[in-house]
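**Student:** What follows is the file work_7.cif, containing mmCIF, C-alpha atoms:
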data_my_file
loop_
_atom_site.label_atom_id
_atom_site.label_comp_id
_atom_site.auth_asym_id
_atom_site.auth_seq_id
_atom_site.Cartn_x
_atom_site.Cartn_y
_atom_site.Cartn_z
CA MET U 1 -20.78 -22.08 -96.83
CA PRO U 2 -22.99 -23.64 -94.13
CA ALA U 3 -25.55 -21.25 -92.66
CA ASP U 4 -24.20 -21.85 -89.15
CA HIS U 5 -20.66 -21.08 -90.30
CA PRO U 6 -20.84 -17.72 -92.12
CA LEU U 7 -17.67 -16.41 -93.73
CA VAL U 8 -15.95 -13.67 -91.72
CA SER U 9 -13.90 -11.20 -93.77
CA ILE U 10 -11.06 -9.70 -91.71
CA VAL U 11 -9.92 -6.37 -93.17
CA ILE U 12 -6.45 -5.10 -92.22
CA PRO U 13 -4.88 -1.78 -93.37
CA HIS U 14 -1.08 -1.97 -93.53
CA LEU U 15 1.84 0.42 -93.82
CA ASN U 16 5.46 -0.71 -93.36
CA ARG U 17 4.81 -3.21 -90.56
CA SER U 18 5.14 -6.59 -92.24
CA GLY U 19 6.91 -8.09 -89.21
CA LEU U 20 4.11 -7.16 -86.82
CA LEU U 21 1.52 -8.13 -89.39
CA ALA U 22 3.02 -11.62 -89.52
CA GLU U 23 2.17 -11.99 -85.81
CA THR U 24 -1.37 -10.80 -86.48
CA LEU U 25 -1.83 -13.27 -89.32
CA HIS U 26 -0.40 -16.07 -87.17
CA SER U 27 -3.03 -15.36 -84.51
CA ILE U 28 -5.75 -15.47 -87.16
CA GLY U 29 -4.42 -18.78 -88.44
CA ASN U 30 -4.80 -20.18 -84.92
CA GLN U 31 -8.54 -19.49 -84.75
CA ASP U 32 -10.79 -22.32 -83.63
CA TYR U 33 -13.37 -21.05 -86.15
CA PRO U 34 -12.50 -22.14 -89.70
CA CYS U 35 -14.56 -19.93 -92.02
CA TRP U 36 -12.57 -16.77 -92.47
CA GLU U 37 -10.65 -14.79 -95.06
CA VAL U 38 -8.14 -11.97 -94.62
CA ILE U 39 -7.89 -8.92 -96.87
CA VAL U 40 -4.72 -6.90 -96.26
CA VAL U 41 -4.79 -3.49 -97.96
CA ASP U 42 -1.38 -1.83 -98.23
CA ASP U 43 -1.29 1.96 -97.97
CA GLY U 44 1.93 2.53 -99.95
CA SER U 45 4.67 0.68 -98.07
CA VAL U 46 8.29 0.98 -99.18
CA GLU U 47 9.33 -1.67 -101.68
CA PRO U 48 11.08 -4.09 -99.25
CA GLU U 49 8.01 -4.04 -96.99
CA TRP U 50 5.69 -4.56 -99.95
CA GLN U 51 7.72 -7.57 -101.11
CA ALA U 52 7.70 -9.00 -97.58
CA LEU U 53 3.94 -8.50 -97.48
CA LEU U 54 3.46 -10.41 -100.73
CA THR U 55 5.13 -13.48 -99.21
CA GLN U 56 2.31 -13.68 -96.66
CA GLN U 57 -0.40 -14.30 -99.28
CA SER U 58 -2.17 -17.65 -99.21
CA ASP U 59 -5.44 -19.19 -100.25
CA LYS U 60 -7.10 -17.42 -97.29
CA VAL U 61 -5.03 -14.21 -97.22
CA ARG U 62 -5.39 -11.70 -100.06
CA VAL U 63 -3.04 -8.72 -100.40
CA LEU U 64 -4.21 -5.58 -102.18
CA ARG U 65 -2.59 -2.21 -102.71
CA ARG U 66 -4.43 1.08 -102.51
CA ALA U 67 -4.12 2.68 -105.94
CA ASP U 68 -6.33 5.75 -105.55
CA GLU U 69 -6.21 8.80 -103.30
CA PRO U 70 -6.67 9.66 -100.52
CA GLU U 71 -4.17 7.70 -98.49
CA GLY U 72 -4.85 6.51 -94.99
CA PRO U 73 -6.49 3.60 -93.15
CA SER U 74 -10.03 4.74 -94.00
CA SER U 75 -9.46 4.29 -97.72
CA CYS U 76 -7.79 0.94 -97.10
CA ARG U 77 -10.64 -0.34 -94.97
CA ASN U 78 -13.27 0.77 -97.48
CA LEU U 79 -11.40 -1.01 -100.27
CA GLY U 80 -11.20 -4.12 -98.12
CA VAL U 81 -14.96 -4.07 -97.51
CA GLU U 82 -15.60 -3.67 -101.25
CA GLN U 83 -13.52 -6.81 -101.91
CA ALA U 84 -14.88 -8.81 -98.98
CA ARG U 85 -16.74 -12.02 -99.78
CA GLY U 86 -18.07 -12.56 -96.26
CA GLU U 87 -21.39 -11.46 -94.84
CA LEU U 88 -19.64 -10.54 -91.58
CA ILE U 89 -16.78 -8.02 -91.34
CA LEU U 90 -14.10 -7.57 -88.68
CA PHE U 91 -11.61 -4.68 -88.79
CA VAL U 92 -8.19 -5.51 -87.36
CA ASP U 93 -5.08 -3.32 -87.17
CA SER U 94 -1.79 -4.67 -88.48
CA ASP U 95 -0.35 -5.18 -85.00
CA ASP U 96 -3.40 -6.58 -83.19
CA ILE U 97 -3.46 -10.14 -81.83
CA LEU U 98 -6.63 -12.25 -81.88
CA ALA U 99 -7.32 -14.76 -79.13
CA PRO U 100 -7.93 -18.25 -80.58
CA TRP U 101 -11.59 -18.01 -79.53
CA CYS U 102 -12.19 -14.56 -81.07
CA LEU U 103 -14.10 -15.52 -84.21
CA SER U 104 -16.01 -18.43 -82.67
CA GLN U 105 -17.16 -16.25 -79.76
CA ARG U 106 -18.28 -13.45 -82.04
CA VAL U 107 -20.03 -15.62 -84.61
CA ARG U 108 -21.86 -17.48 -81.84
CA CYS U 109 -23.16 -14.19 -80.40
CA ALA U 110 -24.19 -13.06 -83.88
CA ALA U 111 -26.13 -16.29 -84.41
CA ASP U 112 -27.82 -15.92 -81.01
CA ASN U 113 -28.78 -12.29 -81.72
CA PRO U 114 -29.81 -12.22 -85.41
CA GLN U 115 -31.87 -9.03 -85.05
CA VAL U 116 -28.66 -7.02 -84.53
CA ASP U 117 -26.48 -5.23 -87.13
CA ALA U 118 -23.19 -5.17 -85.19
CA TRP U 119 -22.03 -7.10 -82.14
CA VAL U 120 -19.53 -5.34 -79.83
CA PHE U 121 -16.95 -7.12 -77.66
CA PRO U 122 -14.40 -6.11 -75.03
CA VAL U 123 -10.83 -5.75 -76.26
CA MET U 124 -7.69 -5.47 -74.16
CA LEU U 125 -4.40 -3.57 -74.48
CA PHE U 126 -1.00 -5.28 -74.33
CA HIS U 127 2.68 -4.40 -74.46
CA LYS U 128 4.67 -7.51 -75.34
CA ARG U 129 2.21 -10.43 -75.15
CA PRO U 130 -1.58 -10.64 -74.95
CA ALA U 131 -3.09 -9.95 -71.51
CA ASP U 132 0.27 -8.93 -70.03
CA ILE U 133 -1.11 -5.71 -68.49
CA GLY U 134 -4.81 -6.55 -68.10
CA LEU U 135 -6.10 -3.17 -69.24
CA TYR U 136 -9.20 -2.85 -71.42
CA TRP U 137 -9.56 -0.30 -74.20
CA ASN U 138 -12.48 1.38 -72.42
CA LYS U 139 -15.60 0.45 -70.51
CA LEU U 140 -18.36 -0.85 -72.74
CA GLU U 141 -20.92 0.01 -70.10
CA GLY U 142 -21.91 3.54 -69.17
CA GLU U 143 -24.18 6.32 -70.36
CA ASP U 144 -25.62 6.69 -73.86
CA ASP U 145 -23.20 5.42 -76.53
CA LEU U 146 -23.78 8.34 -78.91
CA LEU U 147 -23.01 10.92 -76.21
CA ARG U 148 -19.83 9.08 -75.30
CA PHE U 149 -18.61 9.10 -78.89
CA LEU U 150 -19.54 12.79 -79.24
CA ARG U 151 -17.39 13.73 -76.26
CA SER U 152 -14.42 11.62 -77.42
CA ASP U 153 -15.00 8.86 -74.87
CA PRO U 154 -15.42 6.02 -77.39
CA PRO U 155 -16.93 3.02 -75.61
CA TRP U 156 -15.49 0.65 -78.18
CA HIS U 157 -12.50 0.36 -80.51
CA THR U 158 -12.37 -0.16 -84.28
CA SER U 159 -11.72 -3.87 -83.70
CA SER U 160 -14.48 -4.30 -81.09
CA PRO U 161 -17.48 -4.81 -83.41
CA LEU U 162 -18.27 -7.71 -85.69
CA TRP U 163 -20.29 -6.01 -88.44
CA ARG U 164 -22.97 -7.22 -90.73
CA LYS U 165 -21.68 -6.08 -94.12
CA SER U 166 -25.04 -4.53 -95.04
CA ALA U 167 -24.89 -2.38 -91.89
CA LEU U 168 -21.53 -0.99 -92.96
CA VAL U 169 -23.00 -0.06 -96.33
CA LYS U 170 -25.96 1.55 -94.54
CA SER U 171 -23.52 3.57 -92.40
CA GLY U 172 -21.57 4.82 -95.42
CA GLY U 173 -18.26 3.17 -94.56
CA PHE U 174 -15.25 5.09 -93.28
CA ASN U 175 -14.94 8.79 -94.06
CA GLU U 176 -11.87 9.01 -96.28
CA LYS U 177 -11.34 12.69 -95.43
CA LEU U 178 -10.32 11.67 -91.94
CA LEU U 179 -7.03 10.27 -90.69
CA TYR U 180 -7.87 10.97 -87.04
CA GLY U 181 -11.14 9.95 -85.42
CA ASP U 182 -12.31 8.00 -88.47
CA ASP U 183 -13.51 5.10 -86.31
CA SER U 184 -15.56 7.35 -83.99
CA ASP U 185 -16.97 9.15 -87.03
CA LEU U 186 -18.18 5.82 -88.44
CA HIS U 187 -19.78 4.77 -85.18
CA ILE U 188 -21.48 8.15 -84.72
CA ARG U 189 -22.98 7.89 -88.21
CA ALA U 190 -24.04 4.31 -87.57
CA LEU U 191 -25.79 5.27 -84.33
CA LEU U 192 -27.50 8.24 -86.00
CA ARG U 193 -28.66 5.97 -88.83
CA ALA U 194 -30.21 3.53 -86.35
CA VAL U 195 -27.73 0.69 -86.86
CA ARG U 196 -28.52 -1.80 -84.10
CA PHE U 197 -25.55 -2.54 -81.82
CA GLU U 198 -25.50 -5.20 -79.12
CA LYS U 199 -22.68 -5.08 -76.54
CA PHE U 200 -21.28 -8.07 -74.65
CA PRO U 201 -19.30 -6.48 -71.79
CA ARG U 202 -19.24 -9.60 -69.61
CA LEU U 203 -17.52 -11.87 -72.11
CA GLN U 204 -13.78 -12.47 -72.01
CA ALA U 205 -11.63 -10.15 -74.08
CA ASP U 206 -10.96 -11.81 -77.44
CA LEU U 207 -8.69 -9.32 -79.20
CA PHE U 208 -5.56 -7.54 -78.00
CA ILE U 209 -4.40 -4.10 -79.12
CA ARG U 210 -0.69 -3.41 -79.05
CA ARG U 211 0.52 -0.36 -77.15
CA GLY U 212 4.27 0.11 -77.45
CA ASP U 213 6.97 2.17 -79.14
CA GLN U 214 6.24 1.03 -82.69
CA ALA U 215 5.42 3.70 -85.26
CA ARG U 216 1.73 3.98 -86.11
CA ILE U 217 -0.02 5.12 -89.28
CA THR U 218 -1.14 8.29 -87.51
CA ASN U 219 1.64 10.74 -86.65
CA THR U 220 0.35 13.15 -84.03
CA GLY U 221 2.81 15.89 -85.03
CA SER U 222 1.99 16.07 -88.72
CA GLN U 223 0.18 18.86 -90.53
CA TYR U 224 -1.82 16.19 -92.31
CA LEU U 225 -3.14 14.92 -89.00
CA PHE U 226 -4.00 18.43 -87.81
CA ASP U 227 -5.95 19.03 -91.01
CA SER U 228 -7.76 15.75 -90.40
CA ARG U 229 -8.63 16.76 -86.84
CA CYS U 230 -10.18 19.97 -88.20
CA ALA U 231 -12.03 17.96 -90.84
CA ARG U 232 -13.35 15.69 -88.08
CA LEU U 233 -14.88 18.69 -86.30
CA GLN U 234 -16.49 19.93 -89.51
CA GLU U 235 -17.82 16.51 -90.51
CA GLY U 236 -19.28 15.99 -87.05
CA THR U 237 -21.07 19.33 -87.17
CA LEU U 238 -22.51 18.44 -90.57
CA LEU U 239 -23.90 15.25 -89.02
CA MET U 240 -25.40 17.19 -86.12
CA ASN U 241 -27.18 19.45 -88.59
CA GLN U 242 -28.19 16.66 -90.97
CA TYR U 243 -29.85 14.57 -88.28
CA ALA U 244 -31.26 17.47 -86.25
CA VAL U 245 -30.01 15.99 -82.99
CA GLY U 246 -31.15 17.21 -79.59
CA SER U 247 -29.63 20.12 -77.70
CA GLN U 248 -27.56 17.82 -75.46
CA GLU U 249 -25.89 16.10 -78.40
CA ARG U 250 -25.28 19.38 -80.21
CA ALA U 251 -23.78 21.03 -77.12
CA THR U 252 -21.58 17.99 -76.52
CA TRP U 253 -20.15 18.16 -80.02
CA GLU U 254 -19.69 21.95 -79.87
CA GLY U 255 -17.51 21.38 -76.81
CA GLN U 256 -15.11 19.34 -78.95
CA TYR U 257 -13.90 22.54 -80.62
CA PHE U 258 -12.82 24.00 -77.28
CA ILE U 259 -11.32 20.68 -76.16
CA GLU U 260 -9.39 20.39 -79.44
CA ALA U 261 -8.06 23.94 -79.03
CA GLU U 262 -6.90 23.15 -75.48
CA GLU U 263 -5.22 19.97 -76.72
CA LEU U 264 -3.22 22.12 -79.11
CA LEU U 265 -2.54 24.80 -76.50
CA PHE U 266 -1.05 22.41 -73.97
CA ASN U 267 0.80 20.06 -76.33
CA LEU U 268 1.85 21.84 -79.53
CA PRO U 269 4.85 24.19 -79.78
CA LEU U 270 3.90 27.53 -81.36
CA ALA U 271 0.25 26.58 -80.96
CA LYS U 272 -1.41 29.93 -81.66
CA PRO U 273 -1.98 29.61 -85.46
CA SER U 274 -3.51 26.14 -85.02
CA VAL U 275 -5.63 27.24 -82.05
CA ASP U 276 -6.88 30.24 -84.02
CA ARG U 277 -7.90 27.99 -86.90
CA VAL U 278 -9.96 25.75 -84.62
CA LEU U 279 -11.62 28.76 -82.96
CA ASP U 280 -12.42 30.25 -86.36
CA LEU U 281 -14.18 26.99 -87.27
CA TRP U 282 -16.11 27.09 -84.00
CA VAL U 283 -17.34 30.64 -84.62
CA GLN U 284 -18.20 29.80 -88.23
CA HIS U 285 -20.18 26.66 -87.34
CA TYR U 286 -21.87 27.69 -84.08
CA GLN U 287 -22.10 31.52 -84.12
CA PRO U 288 -21.53 31.88 -80.35
CA GLY U 289 -22.58 35.06 -78.56
CA ILE U 290 -20.23 38.04 -78.51
CA CYS U 291 -19.43 37.68 -74.80
CA GLN U 292 -18.70 33.94 -75.01
CA SER U 293 -16.62 34.33 -78.16
CA TRP U 294 -14.62 37.18 -76.57
CA LEU U 295 -14.00 35.17 -73.39
CA VAL U 296 -12.77 32.13 -75.30
CA ARG U 297 -10.52 34.20 -77.59
CA CYS U 298 -9.02 36.04 -74.61
CA TYR U 299 -8.39 32.80 -72.73
CA PHE U 300 -6.51 31.20 -75.60
CA ALA U 301 -4.56 34.36 -76.41
CA PHE U 302 -3.56 34.57 -72.74
CA GLY U 303 -2.73 30.86 -72.70
CA CYS U 304 -0.55 30.95 -75.81
CA PHE U 305 1.41 33.86 -74.34
CA PHE U 306 1.86 32.54 -70.80
CA ARG U 307 2.13 28.79 -71.38
CA ASP U 308 5.95 28.84 -71.50
CA ARG U 309 6.34 32.00 -69.40
CA ASN U 310 4.18 31.42 -66.35
CA TYR U 311 2.29 28.13 -66.36
CA PHE U 312 0.73 28.84 -62.98
CA LEU U 313 -1.10 31.88 -64.39
CA LEU U 314 -2.40 29.75 -67.25
CA ARG U 315 -3.82 27.19 -64.82
CA CYS U 316 -5.47 29.98 -62.83
CA ALA U 317 -7.03 31.36 -66.02
CA ARG U 318 -8.32 27.92 -66.88
CA ARG U 319 -9.99 27.56 -63.48
CA LEU U 320 -11.73 30.88 -64.06
CA VAL U 321 -13.09 30.03 -67.51
CA LYS U 322 -14.33 26.67 -66.22
CA LEU U 323 -16.68 28.65 -64.01
CA LEU U 324 -17.92 30.76 -66.91
CA LEU U 325 -18.19 28.33 -69.84
CA PRO U 326 -20.46 25.28 -70.38
CA GLY U 327 -19.31 22.05 -68.79
CA THR U 328 -19.32 20.35 -72.20
CA PHE U 329 -16.28 22.51 -73.13
CA PHE U 330 -14.08 20.51 -70.74
CA ARG U 331 -13.18 16.87 -70.54
CA ALA U 332 -15.07 15.02 -67.84
CA GLY U 333 -12.95 13.21 -65.27
CA GLY U 334 -14.47 9.82 -66.06
CA GLU U 335 -13.78 9.82 -69.80
CA PHE U 336 -11.85 7.05 -71.49
CA GLN U 337 -11.05 4.83 -68.53
CA GLN U 338 -8.67 2.04 -69.49
CA TRP U 339 -9.87 -0.16 -66.67
CA GLN U 340 -8.08 -3.07 -65.10
CA GLU U 341 -9.57 -6.56 -65.15
CA ASN U 342 -9.84 -8.28 -61.78
CA ALA U 343 -7.06 -10.75 -60.98
CA ALA U 344 -9.23 -13.89 -61.15
CA MET U 345 -10.69 -13.15 -64.58
CA LEU U 346 -7.31 -12.01 -65.91
CA GLU U 347 -5.73 -15.27 -64.84
CA GLN U 348 -8.54 -17.18 -66.58
CA ILE U 349 -7.80 -15.32 -69.82
CA ARG U 350 -4.06 -15.94 -69.49
CA ALA U 351 -4.57 -19.64 -68.72
CA ARG U 352 -6.87 -20.00 -71.71
CA LEU U 353 -4.27 -18.35 -73.94
CA ARG U 354 -1.58 -20.73 -72.68
CA THR U 355 -3.63 -23.83 -73.42
CA GLN U 356 -4.88 -22.90 -76.90
#
Render the structure in this file as structure tokens.

**Tutor:**
Amino acid sequence: MPADHPLVSIVIPHLNRSGLLAETLHSIGNQDYPCWEVIVVDDGSVEPEWQALLTQQSDKVRVLRRADEPEGPSSCRNLGVEQARGELILFVDSDDILAPWCLSQRVRCAADNPQVDAWVFPVMLFHKRPADIGLYWNKLEGEDDLLRFLRSDPPWHTSSPLWRKSALVKSGGFNEKLLYGDDSDLHIRALLRAVRFEKFPRLQADLFIRRGDQARITNTGSQYLFDSRCARLQEGTLLMNQYAVGSQERATWEGQYFIEAEELLFNLPLAKPSVDRVLDLWVQHYQPGICQSWLVRCYFAFGCFFRDRNYFLLRCARRLVKLLLPGTFFRAGGEFQQWQENAAMLEQIRARLRTQ
């Protein structure tokens, strides 16, 4: 392989979406950069989907099947990295669409910035066709990247970085205990382990993430996902302790326990057992003071009782505790802004898609 054309290994986890995956593979086949391979790792699709997936193999597309536990996209991605022949790695979901210039743009930036371990690019959401809504995943620019990941405001998506394979190994790969938040967990570990990221917020979006009614690997109502969300909190706290982070980072992550409990309170029927489990983890990991622990327990007990009886009282109680608890316990108004591209740039992207 020529030095100026390094092989890019594109790793795709898959579960029962062979039709959508065919669109993804078609967009990869249309790349204006020739040196790529695809590794699709199936997570246990039903037999008809598995057979349909096998028909999409080619000399540049390999199909593997996860044989070992645990299930989930993290295991699939790790297996794909193990089998990757390329020195550069791109993670793509099985319903993403790549712009024709995606790989060439990313490889060019990697060549121009060889001191970097991972190069991060803007990606855009879409409903039916790329660039149809003009919304980005999140703003790449803002305050410290680590703090944003710690407060669940991820500045970039799983498919945003082009990784140097050695940097992924240095970061430890994806945490296979996690079904939820596995991408943020990886990026937090990478930042703590001094992986060097370079962001390119001013470049045109080169990858499009589908947002529609299709079923996704993660099912927000499942017990498995709730267990994974709890595991995410525990794993994050272990990282905070392992790397002896500063007080701001530690306080930011502690707030995720309260935020997770509120997410359950406001969105899960019969939330109290799940809320209690999260609060028990918080007390176990952070040993809060008696007064703070009592206030939080009372708020959630009150909330679980009044949520379906008198929602106004619950909102009043929330306003009160916001005055008494740290600000890191509540989502900031500016988090996770799926921002709209300006009309001129959006039209440039759409015109470029039409002509390529």

**Student:** Near Val107 (chain U), within 8 Å and counting all atoms listed in the file, which residues show up once chain neighbours fewer than 4 positions away are dropped, as a ChimeraX atom specification?

**Tutor:** /U:5-6,103,111

**Student:** Which residues are near region 122-138 of chain U? Cut-off 9 Å, only C-alpha atoms, ignore same chain within fewer than 2 positions. Put them as number ranges by chain.

**Tutor:** U: 97-99, 120, 140-141, 153-157, 159-160, 199-212, 335-343, 346-347, 349-350, 353

**Student:** Between CA of Ala231 (chain U) and CA of Gly246 (chain U), what is the distance, to one decimal in Å?

**Tutor:**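 These two atoms are separated by 22.2 Å.
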
**Student:** Could you state which residues are captured by the PyMOL selection byres ((chain U and resi 248-264) around 9) in this file, as number ranges by chain?

**Tutor:** U: 146-147, 150-152, 229-230, 233, 236-237, 240-241, 244-247, 265-269, 271-272, 274-279, 281-282, 285-286, 296, 300, 326-331

**Student:** U:Arg354, U:Arg164, U:Arg193, U:Arg232: which is nearest Asp117 (chain U), counting all atoms listed in the file?

**Tutor:** U:Arg164

**Student:** Contacts of Glu23 (chain U) at 9 Å or less, counting only C-alpha atoms, minus same-chain residues fewer than 6 places along, as a PDB file with C-alpha atoms, keeping the file's coordinate frame?

**Tutor:**
ATOM      1  CA  SER U  94      -1.790  -4.670 -88.480  1.00  0.00           C
ATOM      2  CA  ASP U  95      -0.350  -5.180 -85.000  1.00  0.00           C
ATOM      3  CA  ASP U  96      -3.400  -6.580 -83.190  1.00  0.00           C
ATOM      4  CA  ILE U  97      -3.460 -10.140 -81.830  1.00  0.00           C
TER       5      ILE U  97
END

**Student:** Name the residues captured by the PyMOL selection byres ((chain U and resi 62-78) around 10) when it is applied to the shown file; answer as a PyMOL selection string.

**Tutor:** chain U and resi 10-15+37-45+50+53-61+79-84+91-93+168-169+172-180+182-183+186+217-218

**Student:** Generate a file of the selected residues that holds C-alpha atoms, formatted as a PDB file, in the coordinates of the input.

**Tutor:**
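File produced: result.pdb:
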ATOM      1  CA  ILE U  10     -11.060  -9.700 -91.710  1.00  0.00           C
ATOM      2  CA  VAL U  11      -9.920  -6.370 -93.170  1.00  0.00           C
ATOM      3  CA  ILE U  12      -6.450  -5.100 -92.220  1.00  0.00           C
ATOM      4  CA  PRO U  13      -4.880  -1.780 -93.370  1.00  0.00           C
ATOM      5  CA  HIS U  14      -1.080  -1.970 -93.530  1.00  0.00           C
ATOM      6  CA  LEU U  15       1.840   0.420 -93.820  1.00  0.00           C
ATOM      7  CA  GLU U  37     -10.650 -14.790 -95.060  1.00  0.00           C
ATOM      8  CA  VAL U  38      -8.140 -11.970 -94.620  1.00  0.00           C
ATOM      9  CA  ILE U  39      -7.890  -8.920 -96.870  1.00  0.00           C
ATOM     10  CA  VAL U  40      -4.720  -6.900 -96.260  1.00  0.00           C
ATOM     11  CA  VAL U  41      -4.790  -3.490 -97.960  1.00  0.00           C
ATOM     12  CA  ASP U  42      -1.380  -1.830 -98.230  1.00  0.00           C
ATOM     13  CA  ASP U  43      -1.290   1.960 -97.970  1.00  0.00           C
ATOM     14  CA  GLY U  44       1.930   2.530 -99.950  1.00  0.00           C
ATOM     15  CA  SER U  45       4.670   0.680 -98.070  1.00  0.00           C
ATOM     16  CA  TRP U  50       5.690  -4.560 -99.950  1.00  0.00           C
ATOM     17  CA  LEU U  53       3.940  -8.500 -97.480  1.00  0.00           C
ATOM     18  CA  LEU U  54       3.460 -10.410-100.730  1.00  0.00           C
ATOM     19  CA  THR U  55       5.130 -13.480 -99.210  1.00  0.00           C
ATOM     20  CA  GLN U  56       2.310 -13.680 -96.660  1.00  0.00           C
ATOM     21  CA  GLN U  57      -0.400 -14.300 -99.280  1.00  0.00           C
ATOM     22  CA  SER U  58      -2.170 -17.650 -99.210  1.00  0.00           C
ATOM     23  CA  ASP U  59      -5.440 -19.190-100.250  1.00  0.00           C
ATOM     24  CA  LYS U  60      -7.100 -17.420 -97.290  1.00  0.00           C
ATOM     25  CA  VAL U  61      -5.030 -14.210 -97.220  1.00  0.00           C
ATOM     26  CA  LEU U  79     -11.400  -1.010-100.270  1.00  0.00           C
ATOM     27  CA  GLY U  80     -11.200  -4.120 -98.120  1.00  0.00           C
ATOM     28  CA  VAL U  81     -14.960  -4.070 -97.510  1.00  0.00           C
ATOM     29  CA  GLU U  82     -15.600  -3.670-101.250  1.00  0.00           C
ATOM     30  CA  GLN U  83     -13.520  -6.810-101.910  1.00  0.00           C
ATOM     31  CA  ALA U  84     -14.880  -8.810 -98.980  1.00  0.00           C
ATOM     32  CA  PHE U  91     -11.610  -4.680 -88.790  1.00  0.00           C
ATOM     33  CA  VAL U  92      -8.190  -5.510 -87.360  1.00  0.00           C
ATOM     34  CA  ASP U  93      -5.080  -3.320 -87.170  1.00  0.00           C
ATOM     35  CA  LEU U 168     -21.530  -0.990 -92.960  1.00  0.00           C
ATOM     36  CA  VAL U 169     -23.000  -0.060 -96.330  1.00  0.00           C
ATOM     37  CA  GLY U 172     -21.570   4.820 -95.420  1.00  0.00           C
ATOM     38  CA  GLY U 173     -18.260   3.170 -94.560  1.00  0.00           C
ATOM     39  CA  PHE U 174     -15.250   5.090 -93.280  1.00  0.00           C
ATOM     40  CA  ASN U 175     -14.940   8.790 -94.060  1.00  0.00           C
ATOM     41  CA  GLU U 176     -11.870   9.010 -96.280  1.00  0.00           C
ATOM     42  CA  LYS U 177     -11.340  12.690 -95.430  1.00  0.00           C
ATOM     43  CA  LEU U 178     -10.320  11.670 -91.940  1.00  0.00           C
ATOM     44  CA  LEU U 179      -7.030  10.270 -90.690  1.00  0.00           C
ATOM     45  CA  TYR U 180      -7.870  10.970 -87.040  1.00  0.00           C
ATOM     46  CA  ASP U 182     -12.310   8.000 -88.470  1.00  0.00           C
ATOM     47  CA  ASP U 183     -13.510   5.100 -86.310  1.00  0.00           C
ATOM     48  CA  LEU U 186     -18.180   5.820 -88.440  1.00  0.00           C
ATOM     49  CA  ILE U 217      -0.020   5.120 -89.280  1.00  0.00           C
ATOM     50  CA  THR U 218      -1.140   8.290 -87.510  1.00  0.00           C
TER      51      THR U 218
END
